[in-house]
>>> print(open('final21.pdb').read())   # PDB, C-alpha atoms and all ligand atoms
ATOM      1  CA  MET A   1      -9.893 -43.030  26.742
ATOM      2  CA  ASN A   2      -9.430 -43.331  22.961
ATOM      3  CA  ARG A   3      -5.731 -43.507  22.313
ATOM      4  CA  PHE A   4      -4.453 -42.519  18.847
ATOM      5  CA  ALA A   5      -1.097 -41.601  17.299
ATOM      6  CA  VAL A   6       0.783 -40.876  14.113
ATOM      7  CA  ILE A   7       3.908 -42.888  13.311
ATOM      8  CA  GLY A   8       6.536 -41.486  10.948
ATOM      9  CA  ASN A   9      10.163 -40.479  10.463
ATOM     10  CA  PRO A  10      10.601 -37.528  10.738
ATOM     11  CA  ILE A  11       7.509 -36.745  12.802
ATOM     12  CA  ASN A  12       8.157 -33.497  14.668
ATOM     13  CA  HIS A  13       6.542 -31.361  11.971
ATOM     14  CA  SER A  14       3.269 -33.351  12.011
ATOM     15  CA  LEU A  15       0.074 -31.302  12.354
ATOM     16  CA  SER A  16      -2.048 -34.421  12.913
ATOM     17  CA  PRO A  17      -2.211 -34.175  16.746
ATOM     18  CA  MET A  18      -3.510 -30.616  16.520
ATOM     19  CA  ILE A  19      -6.042 -31.499  13.806
ATOM     20  CA  HIS A  20      -7.419 -34.548  15.671
ATOM     21  CA  ASN A  21      -7.588 -32.672  18.971
ATOM     22  CA  GLU A  22      -9.657 -29.984  17.218
ATOM     23  CA  PHE A  23     -11.967 -32.653  15.752
ATOM     24  CA  SER A  24     -12.469 -34.221  19.175
ATOM     25  CA  LYS A  25     -13.579 -30.878  20.659
ATOM     26  CA  GLU A  26     -16.455 -30.678  18.162
ATOM     27  CA  PHE A  27     -17.906 -33.934  19.542
ATOM     28  CA  SER A  28     -16.705 -33.505  23.157
ATOM     29  CA  ILE A  29     -14.898 -36.826  22.866
ATOM     30  CA  GLU A  30     -11.826 -37.238  25.011
ATOM     31  CA  ILE A  31      -8.882 -38.560  23.001
ATOM     32  CA  SER A  32      -5.120 -38.658  23.286
ATOM     33  CA  TYR A  33      -3.114 -38.348  20.079
ATOM     34  CA  GLU A  34       0.659 -38.651  20.165
ATOM     35  CA  LYS A  35       3.550 -38.473  17.694
ATOM     36  CA  ILE A  36       5.712 -41.588  17.477
ATOM     37  CA  LEU A  37       9.123 -41.426  15.827
ATOM     38  CA  ALA A  38      10.054 -44.903  14.590
ATOM     39  CA  PRO A  39      13.553 -45.714  13.300
ATOM     40  CA  ILE A  40      13.433 -46.623   9.597
ATOM     41  CA  GLU A  41      13.569 -50.426  10.067
ATOM     42  CA  LYS A  42      11.410 -50.478  13.204
ATOM     43  CA  PHE A  43       7.871 -49.557  12.121
ATOM     44  CA  ALA A  44       6.280 -52.892  13.117
ATOM     45  CA  LEU A  45       7.952 -52.897  16.531
ATOM     46  CA  HIS A  46       6.616 -49.430  17.386
ATOM     47  CA  ALA A  47       3.192 -50.149  15.929
ATOM     48  CA  GLU A  48       2.899 -53.362  18.006
ATOM     49  CA  LYS A  49       4.038 -51.573  21.164
ATOM     50  CA  PHE A  50       1.411 -48.873  20.674
ATOM     51  CA  ILE A  51      -1.323 -51.489  20.204
ATOM     52  CA  GLN A  52      -0.184 -53.461  23.268
ATOM     53  CA  ASN A  53      -0.350 -50.246  25.299
ATOM     54  CA  GLY A  54      -4.008 -49.815  24.441
ATOM     55  CA  GLY A  55      -3.868 -47.832  21.182
ATOM     56  CA  SER A  56      -7.193 -47.928  19.314
ATOM     57  CA  GLY A  57      -5.833 -46.700  16.007
ATOM     58  CA  PHE A  58      -3.090 -44.661  14.368
ATOM     59  CA  ASN A  59      -2.084 -42.756  11.282
ATOM     60  CA  ILE A  60       0.985 -43.611   9.283
ATOM     61  CA  THR A  61       3.043 -41.060   7.405
ATOM     62  CA  LEU A  62       6.268 -41.160   5.365
ATOM     63  CA  PRO A  63       8.137 -43.407   4.963
ATOM     64  CA  PHE A  64       5.975 -46.163   6.527
ATOM     65  CA  LYS A  65       2.767 -46.345   4.458
ATOM     66  CA  ILE A  66       3.931 -49.486   2.648
ATOM     67  CA  ASP A  67       5.146 -51.100   5.914
ATOM     68  CA  ALA A  68       1.684 -50.349   7.353
ATOM     69  CA  TYR A  69       0.122 -52.107   4.359
ATOM     70  CA  SER A  70       2.073 -55.306   5.156
ATOM     71  CA  PHE A  71       1.362 -54.888   8.879
ATOM     72  CA  SER A  72      -2.443 -54.799   8.366
ATOM     73  CA  GLU A  73      -4.415 -58.020   8.682
ATOM     74  CA  GLU A  74      -7.450 -56.757   6.721
ATOM     75  CA  LEU A  75      -7.324 -54.135   3.966
ATOM     76  CA  THR A  76     -10.052 -51.854   2.606
ATOM     77  CA  SER A  77     -10.475 -51.525  -1.170
ATOM     78  CA  ASN A  78      -8.880 -48.043  -0.991
ATOM     79  CA  ALA A  79      -5.812 -49.449   0.745
ATOM     80  CA  LYS A  80      -5.535 -52.315  -1.748
ATOM     81  CA  ALA A  81      -5.652 -49.936  -4.725
ATOM     82  CA  ALA A  82      -3.178 -47.516  -3.145
ATOM     83  CA  GLY A  83      -0.811 -50.339  -2.157
ATOM     84  CA  ALA A  84      -0.342 -48.313   1.029
ATOM     85  CA  VAL A  85      -2.056 -47.670   4.362
ATOM     86  CA  ASN A  86      -2.293 -44.308   6.158
ATOM     87  CA  THR A  87      -4.870 -45.296   8.815
ATOM     88  CA  ILE A  88      -4.956 -48.357  11.066
ATOM     89  CA  LYS A  89      -7.854 -49.303  13.322
ATOM     90  CA  ILE A  90      -7.852 -52.081  15.918
ATOM     91  CA  GLU A  91     -11.238 -53.743  16.254
ATOM     92  CA  ASN A  92     -11.908 -57.105  17.956
ATOM     93  CA  ASN A  93      -8.136 -57.630  18.012
ATOM     94  CA  VAL A  94      -7.938 -57.379  14.211
ATOM     95  CA  ILE A  95      -5.637 -54.812  12.532
ATOM     96  CA  PHE A  96      -7.597 -53.064   9.760
ATOM     97  CA  GLY A  97      -5.720 -50.950   7.166
ATOM     98  CA  GLU A  98      -7.391 -48.101   5.276
ATOM     99  CA  ASN A  99      -6.127 -45.328   3.003
ATOM    100  CA  THR A 100      -7.922 -41.964   3.223
ATOM    101  CA  ASP A 101      -5.549 -39.921   1.017
ATOM    102  CA  GLY A 102      -7.477 -40.230  -2.246
ATOM    103  CA  THR A 103     -10.911 -39.459  -0.815
ATOM    104  CA  GLY A 104      -9.306 -36.683   1.257
ATOM    105  CA  LEU A 105      -8.104 -35.038  -1.956
ATOM    106  CA  VAL A 106     -11.460 -35.510  -3.698
ATOM    107  CA  ASN A 107     -13.313 -34.024  -0.699
ATOM    108  CA  ASP A 108     -11.002 -31.003  -0.726
ATOM    109  CA  LEU A 109     -11.537 -30.488  -4.472
ATOM    110  CA  GLU A 110     -15.321 -30.891  -4.243
ATOM    111  CA  LYS A 111     -16.247 -29.370  -0.881
ATOM    112  CA  ASN A 112     -13.608 -26.700  -0.299
ATOM    113  CA  LEU A 113     -12.650 -25.739  -3.860
ATOM    114  CA  ASN A 114     -16.100 -26.280  -5.397
ATOM    115  CA  GLN A 115     -14.853 -28.450  -8.251
ATOM    116  CA  ASN A 116     -17.119 -30.955  -9.919
ATOM    117  CA  LEU A 117     -14.895 -33.729 -11.296
ATOM    118  CA  ILE A 118     -17.464 -35.376 -13.582
ATOM    119  CA  ASP A 119     -16.437 -35.119 -17.264
ATOM    120  CA  LYS A 120     -13.319 -33.100 -16.416
ATOM    121  CA  GLU A 121      -9.952 -33.594 -18.071
ATOM    122  CA  ILE A 122      -7.415 -34.025 -15.281
ATOM    123  CA  LEU A 123      -3.651 -34.100 -15.740
ATOM    124  CA  ILE A 124      -1.632 -35.684 -12.936
ATOM    125  CA  ILE A 125       2.126 -35.143 -12.949
ATOM    126  CA  GLY A 126       4.124 -37.906 -11.234
ATOM    127  CA  ALA A 127       3.670 -41.652 -10.955
ATOM    128  CA  GLY A 128       5.032 -42.466  -7.503
ATOM    129  CA  GLY A 129       3.340 -43.513  -4.262
ATOM    130  CA  ALA A 130       1.408 -40.248  -3.918
ATOM    131  CA  THR A 131      -0.217 -40.728  -7.336
ATOM    132  CA  GLN A 132      -1.033 -44.364  -6.632
ATOM    133  CA  GLY A 133      -2.822 -43.195  -3.469
ATOM    134  CA  ILE A 134      -5.184 -40.788  -5.270
ATOM    135  CA  LEU A 135      -6.006 -42.429  -8.620
ATOM    136  CA  LYS A 136      -8.894 -44.682  -7.550
ATOM    137  CA  ALA A 137     -10.796 -41.953  -5.692
ATOM    138  CA  ILE A 138     -10.512 -39.511  -8.617
ATOM    139  CA  LEU A 139     -11.484 -42.106 -11.234
ATOM    140  CA  GLU A 140     -14.557 -43.052  -9.189
ATOM    141  CA  LYS A 141     -15.796 -39.470  -9.684
ATOM    142  CA  LYS A 142     -16.038 -40.202 -13.433
ATOM    143  CA  PRO A 143     -13.786 -37.551 -14.977
ATOM    144  CA  GLU A 144     -13.692 -37.553 -18.783
ATOM    145  CA  LYS A 145     -10.152 -38.895 -18.434
ATOM    146  CA  ILE A 146      -7.004 -38.742 -16.386
ATOM    147  CA  LEU A 147      -3.795 -37.973 -18.224
ATOM    148  CA  LEU A 148      -0.897 -39.376 -16.255
ATOM    149  CA  ALA A 149       2.497 -37.889 -17.110
ATOM    150  CA  ASN A 150       5.787 -38.870 -15.533
ATOM    151  CA  ARG A 151       9.490 -38.170 -16.092
ATOM    152  CA  THR A 152      10.015 -41.944 -16.312
ATOM    153  CA  SER A 153       7.283 -42.867 -18.774
ATOM    154  CA  LYS A 154       7.270 -46.600 -18.079
ATOM    155  CA  LYS A 155       6.028 -45.889 -14.527
ATOM    156  CA  SER A 156       3.066 -43.803 -15.724
ATOM    157  CA  LEU A 157       2.241 -46.426 -18.373
ATOM    158  CA  LYS A 158       2.220 -49.146 -15.720
ATOM    159  CA  LEU A 159       0.060 -47.162 -13.272
ATOM    160  CA  ALA A 160      -2.394 -46.240 -16.047
ATOM    161  CA  ASN A 161      -2.656 -49.899 -16.972
ATOM    162  CA  ASP A 162      -3.152 -50.971 -13.327
ATOM    163  CA  PHE A 163      -5.931 -48.400 -12.720
ATOM    164  CA  SER A 164      -7.785 -48.690 -16.034
ATOM    165  CA  LYS A 165     -10.324 -50.965 -14.281
ATOM    166  CA  PHE A 166     -11.542 -47.885 -12.342
ATOM    167  CA  GLY A 167     -11.947 -45.518 -15.341
ATOM    168  CA  LYS A 168     -10.269 -43.854 -18.298
ATOM    169  CA  VAL A 169      -6.597 -43.122 -17.655
ATOM    170  CA  CYS A 170      -3.666 -42.934 -20.052
ATOM    171  CA  GLY A 171       0.006 -42.768 -19.184
ATOM    172  CA  PHE A 172       2.905 -41.114 -21.041
ATOM    173  CA  GLY A 173       6.166 -39.193 -20.565
ATOM    174  CA  LEU A 174       6.458 -35.533 -19.466
ATOM    175  CA  ASP A 175       7.868 -34.650 -22.893
ATOM    176  CA  GLN A 176       4.620 -35.764 -24.540
ATOM    177  CA  ILE A 177       2.360 -33.319 -22.670
ATOM    178  CA  LYS A 178       0.489 -31.062 -25.096
ATOM    179  CA  SER A 179       0.281 -27.320 -24.513
ATOM    180  CA  LYS A 180      -3.555 -27.499 -24.753
ATOM    181  CA  PRO A 181      -5.339 -26.424 -21.510
ATOM    182  CA  VAL A 182      -6.916 -29.063 -19.260
ATOM    183  CA  ASP A 183      -9.451 -28.517 -16.432
ATOM    184  CA  ILE A 184      -7.296 -29.568 -13.487
ATOM    185  CA  VAL A 185      -3.533 -30.104 -13.115
ATOM    186  CA  ILE A 186      -2.348 -31.994 -10.019
ATOM    187  CA  ASN A 187       1.326 -32.001  -9.117
ATOM    188  CA  ALA A 188       2.098 -35.262  -7.329
ATOM    189  CA  THR A 189       5.869 -35.185  -7.866
ATOM    190  CA  SER A 190       8.469 -34.670  -5.174
ATOM    191  CA  ALA A 191      10.412 -32.262  -7.441
ATOM    192  CA  TRP A 192       9.865 -29.416  -4.910
ATOM    193  CA  ILE A 193      12.344 -31.124  -2.553
ATOM    194  CA  ASP A 194      15.113 -30.020  -4.920
ATOM    195  CA  GLY A 195      13.421 -26.641  -5.490
ATOM    196  CA  GLU A 196      12.499 -27.832  -8.974
ATOM    197  CA  MET A 197       9.396 -28.397 -10.980
ATOM    198  CA  PRO A 198       8.692 -30.771 -13.851
ATOM    199  CA  ASN A 199       9.238 -29.197 -17.258
ATOM    200  CA  LEU A 200       5.682 -28.306 -18.392
ATOM    201  CA  PRO A 201       4.319 -26.265 -21.305
ATOM    202  CA  GLY A 202       2.750 -23.014 -19.992
ATOM    203  CA  GLY A 203      -0.458 -23.155 -22.075
ATOM    204  CA  LEU A 204      -1.491 -26.239 -20.160
ATOM    205  CA  CYS A 205      -2.824 -24.480 -17.081
ATOM    206  CA  GLU A 206      -4.590 -21.497 -18.649
ATOM    207  CA  GLY A 207      -7.954 -21.280 -16.889
ATOM    208  CA  ALA A 208      -7.247 -24.497 -14.959
ATOM    209  CA  LEU A 209      -7.231 -25.345 -11.271
ATOM    210  CA  CYS A 210      -3.636 -26.167 -10.367
ATOM    211  CA  TYR A 211      -3.286 -28.259  -7.220
ATOM    212  CA  ASP A 212      -0.083 -29.280  -5.448
ATOM    213  CA  LEU A 213      -0.314 -32.149  -2.967
ATOM    214  CA  MET A 214       2.389 -30.407  -0.918
ATOM    215  CA  TYR A 215       1.508 -27.855   1.767
ATOM    216  CA  GLY A 216       3.325 -25.371   3.972
ATOM    217  CA  ILE A 217       5.387 -23.804   1.160
ATOM    218  CA  GLU A 218       4.622 -22.202  -2.171
ATOM    219  CA  THR A 219       6.186 -24.809  -4.451
ATOM    220  CA  PRO A 220       7.856 -23.956  -7.801
ATOM    221  CA  PHE A 221       4.820 -25.617  -9.459
ATOM    222  CA  MET A 222       2.429 -23.245  -7.668
ATOM    223  CA  LYS A 223       4.547 -20.208  -8.682
ATOM    224  CA  TRP A 224       4.599 -21.473 -12.269
ATOM    225  CA  ALA A 225       0.804 -21.879 -12.230
ATOM    226  CA  HIS A 226       0.304 -18.301 -10.974
ATOM    227  CA  HIS A 227       2.556 -16.985 -13.754
ATOM    228  CA  ASN A 228       0.791 -19.032 -16.427
ATOM    229  CA  SER A 229      -2.789 -17.817 -15.938
ATOM    230  CA  ALA A 230      -4.194 -20.633 -13.800
ATOM    231  CA  LYS A 231      -7.776 -19.944 -12.709
ATOM    232  CA  MET A 232      -7.047 -21.132  -9.185
ATOM    233  CA  VAL A 233      -3.938 -22.423  -7.387
ATOM    234  CA  SER A 234      -4.106 -24.562  -4.264
ATOM    235  CA  ASP A 235      -1.692 -26.381  -2.021
ATOM    236  CA  GLY A 236      -2.608 -29.659  -0.285
ATOM    237  CA  LEU A 237      -3.481 -28.322   3.163
ATOM    238  CA  GLY A 238      -7.185 -28.968   2.636
ATOM    239  CA  MET A 239      -6.376 -32.548   1.630
ATOM    240  CA  LEU A 240      -4.354 -32.971   4.839
ATOM    241  CA  VAL A 241      -7.338 -31.980   6.972
ATOM    242  CA  GLU A 242      -9.855 -33.938   4.871
ATOM    243  CA  GLN A 243      -7.840 -37.177   5.005
ATOM    244  CA  ALA A 244      -7.559 -36.710   8.778
ATOM    245  CA  ALA A 245     -11.342 -36.231   9.044
ATOM    246  CA  LEU A 246     -11.854 -39.518   7.192
ATOM    247  CA  SER A 247      -9.463 -41.288   9.601
ATOM    248  CA  PHE A 248     -11.349 -39.805  12.566
ATOM    249  CA  ASN A 249     -14.603 -41.092  11.106
ATOM    250  CA  TYR A 250     -13.044 -44.519  10.444
ATOM    251  CA  TRP A 251     -12.080 -44.772  14.120
ATOM    252  CA  LEU A 252     -14.981 -43.082  15.869
ATOM    253  CA  GLY A 253     -17.875 -43.000  13.391
ATOM    254  CA  LYS A 254     -18.099 -39.175  13.499
ATOM    255  CA  LYS A 255     -17.619 -36.806  10.561
ATOM    256  CA  PRO A 256     -15.855 -33.628  11.702
ATOM    257  CA  ASN A 257     -16.584 -30.222  10.228
ATOM    258  CA  THR A 258     -13.368 -29.441   8.353
ATOM    259  CA  SER A 259     -13.651 -25.889   7.022
ATOM    260  CA  SER A 260     -12.992 -24.107  10.337
ATOM    261  CA  ILE A 261     -10.029 -26.417  11.040
ATOM    262  CA  ILE A 262      -8.532 -25.741   7.600
ATOM    263  CA  SER A 263      -8.645 -21.985   8.335
ATOM    264  CA  LEU A 264      -7.123 -22.534  11.772
ATOM    265  CA  ILE A 265      -4.272 -24.709  10.451
ATOM    266  CA  ARG A 266      -3.694 -22.296   7.555
ATOM    267  CA  GLU A 267      -3.046 -19.474  10.044
ATOM    268  CA  ILE A 268      -0.434 -21.607  11.804
ATOM    269  CA  VAL A 269       1.286 -22.869   8.634
ATOM    270  CA  ASP A 270       1.380 -19.623   6.579
TER     271      ASP A 270
HETATM  272  P1  LIG B   1       5.940 -40.077  -3.503
HETATM  273  O1  LIG B   1       5.645 -41.150  -2.510
HETATM  274  O2  LIG B   1       6.021 -38.678  -2.941
HETATM  275  O3  LIG B   1       5.061 -40.147  -4.709
HETATM  276  P2  LIG B   1       8.001 -41.313  -5.062
HETATM  277  O4  LIG B   1       7.241 -42.589  -5.066
HETATM  278  O5  LIG B   1       9.484 -41.345  -4.851
HETATM  279  O6  LIG B   1       7.452 -40.337  -3.957
HETATM  280  O7  LIG B   1       7.664 -40.543  -6.436
HETATM  281  C1  LIG B   1       8.201 -39.276  -6.735
HETATM  282  C2  LIG B   1       7.615 -38.790  -8.068
HETATM  283  O8  LIG B   1       8.127 -37.478  -8.333
HETATM  284  C3  LIG B   1       8.004 -39.653  -9.263
HETATM  285  O9  LIG B   1       6.931 -39.632 -10.182
HETATM  286  C4  LIG B   1       9.229 -38.907  -9.801
HETATM  287  O10 LIG B   1       9.485 -39.137 -11.162
HETATM  288  P3  LIG B   1      10.353 -40.460 -11.623
HETATM  289  O11 LIG B   1       9.382 -41.615 -11.528
HETATM  290  O12 LIG B   1      10.772 -40.160 -12.998
HETATM  291  O13 LIG B   1      11.483 -40.567 -10.637
HETATM  292  C5  LIG B   1       8.770 -37.488  -9.609
HETATM  293  N1  LIG B   1       9.881 -36.501  -9.594
HETATM  294  C6  LIG B   1      10.764 -36.305  -8.597
HETATM  295  N2  LIG B   1      11.615 -35.292  -8.920
HETATM  296  C7  LIG B   1      11.244 -34.839 -10.158
HETATM  297  C8  LIG B   1      11.710 -33.810 -11.030
HETATM  298  N3  LIG B   1      12.752 -33.016 -10.702
HETATM  299  N4  LIG B   1      11.078 -33.632 -12.209
HETATM  300  C9  LIG B   1      10.021 -34.422 -12.552
HETATM  301  N5  LIG B   1       9.534 -35.410 -11.765
HETATM  302  C10 LIG B   1      10.120 -35.624 -10.585
END
>>> encode(input="final21.pdb", output="structure tokens", more="lines below")
Ligand code: ATR
Amino acid sequence: MNRFAVIGNPINHSLSPMIHNEFSKEFSIEISYEKILAPIEKFALHAEKFIQNGGSGFNITLPFKIDAYSFSEELTSNAKAAGAVNTIKIENNVIFGENTDGTGLVNDLEKNLNQNLIDKEILIIGAGGATQGILKAILEKKPEKILLANRTSKKSLKLANDFSKFGKVCGFGLDQIKSKPVDIVINATSAWIDGEMPNLPGGLCEGALCYDLMYGIETPFMKWAHHNSAKMVSDGLGMLVEQAALSFNYWLGKKPNTSSIISLIREIVD
């Protein structure tokens, strides 16, 4: 039996067990996939216990992705760039850490939303952990450039500097965003938690794809995009399923078909 799990806090809301169980049906592979609630200071303890009990791999969600990075013995290049791990695999008693968030987003943009990222101008709002997790994968698709805007400009300047080895990216403050339209706007801030959105000029998203990494609610950013003539508005549900599919493939070497699962999960979430 392949034993998997997701570790987080909180964890009750997690859709990962349902998504992975659907993937396993496609290949008639028997798996178990459980939710593990770890107290904030106890990630390593719970991760070790799961491995000792025969776990073959697990996902890591908030707030433990950085703990999982330190816990891993070997890191993939995606995990190193992200500074965070969302997927752990145990192979030959070695703990391997991977991060599938960035490629999950890119797969959603390309496969499900039919966006070609080459030569596109992409504005990312926010310079926290979520942004750090997606920058490498987007830059590897060779956009014309990534504009990285953050409320605290020194954080976007630092991230832009750190990721410039992967492609063209420039960082600045939210107040320096021009009203000129770009091709894609990605909201990677956590402003929705307070029911807010970053202060953005409306002209920016005219004819653009506006993408929020959040899913399960229509965020203030998504409402703003609808009211400001965005060409397309998407939440991050497709990214959730795509990053899970990449984890499944990392563990079991099988690439699940995601589109039917996205529709299924959408019915449950909406
Ligand atoms: P995550 O892991 O979700 O990225 P984080 O690392 O705490 O969380 O980063 C949150 C991001 O949302 C930051 O870029 C933060 O901006 P600051 O760096 O200036 O704090 C951004 N953010 C949160 N609330 C915001 C708001 N009301 N307006 C604009 N940006 C906001």
>>> resolve_selection(input="final21.pdb", expression="the PyMOL selection byres (((chain A and resi 238) around 10) and not hetatm)", output="mmCIF file with C-alpha atoms, in the coordinates of the input")
data_model
loop_
_atom_site.group_PDB
_atom_site.id
_atom_site.type_symbol
_atom_site.label_atom_id
_atom_site.label_comp_id
_atom_site.auth_asym_id
_atom_site.auth_seq_id
_atom_site.Cartn_x
_atom_site.Cartn_y
_atom_site.Cartn_z
ATOM 1 C CA GLY A 104 -9.306 -36.683 1.257
ATOM 2 C CA LEU A 105 -8.104 -35.038 -1.956
ATOM 3 C CA ASN A 107 -13.313 -34.024 -0.699
ATOM 4 C CA ASP A 108 -11.002 -31.003 -0.726
ATOM 5 C CA LEU A 109 -11.537 -30.488 -4.472
ATOM 6 C CA LYS A 111 -16.247 -29.370 -0.881
ATOM 7 C CA ASN A 112 -13.608 -26.700 -0.299
ATOM 8 C CA LEU A 113 -12.650 -25.739 -3.860
ATOM 9 C CA LEU A 213 -0.314 -32.149 -2.967
ATOM 10 C CA TYR A 215 1.508 -27.855 1.767
ATOM 11 C CA SER A 234 -4.106 -24.562 -4.264
ATOM 12 C CA ASP A 235 -1.692 -26.381 -2.021
ATOM 13 C CA GLY A 236 -2.608 -29.659 -0.285
ATOM 14 C CA LEU A 237 -3.481 -28.322 3.163
ATOM 15 C CA MET A 239 -6.376 -32.548 1.630
ATOM 16 C CA LEU A 240 -4.354 -32.971 4.839
ATOM 17 C CA VAL A 241 -7.338 -31.980 6.972
ATOM 18 C CA GLU A 242 -9.855 -33.938 4.871
ATOM 19 C CA GLN A 243 -7.840 -37.177 5.005
ATOM 20 C CA ALA A 244 -7.559 -36.710 8.778
ATOM 21 C CA THR A 258 -13.368 -29.441 8.353
ATOM 22 C CA SER A 259 -13.651 -25.889 7.022
ATOM 23 C CA ILE A 261 -10.029 -26.417 11.040
ATOM 24 C CA ILE A 262 -8.532 -25.741 7.600
ATOM 25 C CA SER A 263 -8.645 -21.985 8.335
ATOM 26 C CA ILE A 265 -4.272 -24.709 10.451
ATOM 27 C CA ARG A 266 -3.694 -22.296 7.555
#
>>> residues_near_ligand(input="final21.pdb", ligand="ligand LIG 1 (chain B)", cutoff="6 Å", atoms="all atoms listed in the file", output="PDB file with C-alpha atoms, keeping the file's coordinate frame")
ATOM      1  CA  GLY A 126       4.124 -37.906 -11.234  1.00  0.00           C
ATOM      2  CA  ALA A 127       3.670 -41.652 -10.955  1.00  0.00           C
ATOM      3  CA  GLY A 128       5.032 -42.466  -7.503  1.00  0.00           C
ATOM      4  CA  GLY A 129       3.340 -43.513  -4.262  1.00  0.00           C
ATOM      5  CA  ALA A 130       1.408 -40.248  -3.918  1.00  0.00           C
ATOM      6  CA  THR A 131      -0.217 -40.728  -7.336  1.00  0.00           C
ATOM      7  CA  ASN A 150       5.787 -38.870 -15.533  1.00  0.00           C
ATOM      8  CA  ARG A 151       9.490 -38.170 -16.092  1.00  0.00           C
ATOM      9  CA  THR A 152      10.015 -41.944 -16.312  1.00  0.00           C
ATOM     10  CA  THR A 189       5.869 -35.185  -7.866  1.00  0.00           C
ATOM     11  CA  SER A 190       8.469 -34.670  -5.174  1.00  0.00           C
ATOM     12  CA  ALA A 191      10.412 -32.262  -7.441  1.00  0.00           C
ATOM     13  CA  GLU A 196      12.499 -27.832  -8.974  1.00  0.00           C
ATOM     14  CA  MET A 197       9.396 -28.397 -10.980  1.00  0.00           C
ATOM     15  CA  PRO A 198       8.692 -30.771 -13.851  1.00  0.00           C
TER      16      PRO A 198
END
>>> resolve_selection(input="final21.pdb", expression="the PyMOL selection byres (((chain A and resi 248) around 12) and not hetatm)", output="PyMOL selection string")
chain A and resi 2-5+16-17+19-24+26-27+29+31+33+56-59+86-89+98+100+104+241-247+249-258
>>> closest_residue(input="final21.pdb", among="A:Asn199, A:Thr61, A:Glu41, A:Asn53", to="Val6 in chain A", atoms="all atoms listed in the file")
A:Thr61
>>> resolve_selection(input="final21.pdb", expression="the PyMOL selection byres (((chain A and resi 76) around 9) and not hetatm)", output="list in words")
Glu74, Leu75, Ser77, Asn78, Ala79, Lys80, Ala81, Phe96, Gly97, Glu98 and Asn99 of chain A
>>> atom_distance(input="final21.pdb", atom1="CA of Thr219 in chain A", atom2="CA of Gly102 in chain A")
20.7 Å
>>> atom_distance(input="final21.pdb", atom1="CA of Lys154 in chain A", atom2="CA of Leu117 in chain A")
26.5 Å
>>> closest_residue(input="final21.pdb", among="A:Leu139, A:Ile90, A:Ile134, A:Leu123", to="Ser179 in chain A", atoms="only C-alpha atoms")
A:Leu123
>>> atom_distance(input="final21.pdb", atom1="CA of Lys35 in chain A", atom2="CA of Ile7 in chain A")
6.2 Å
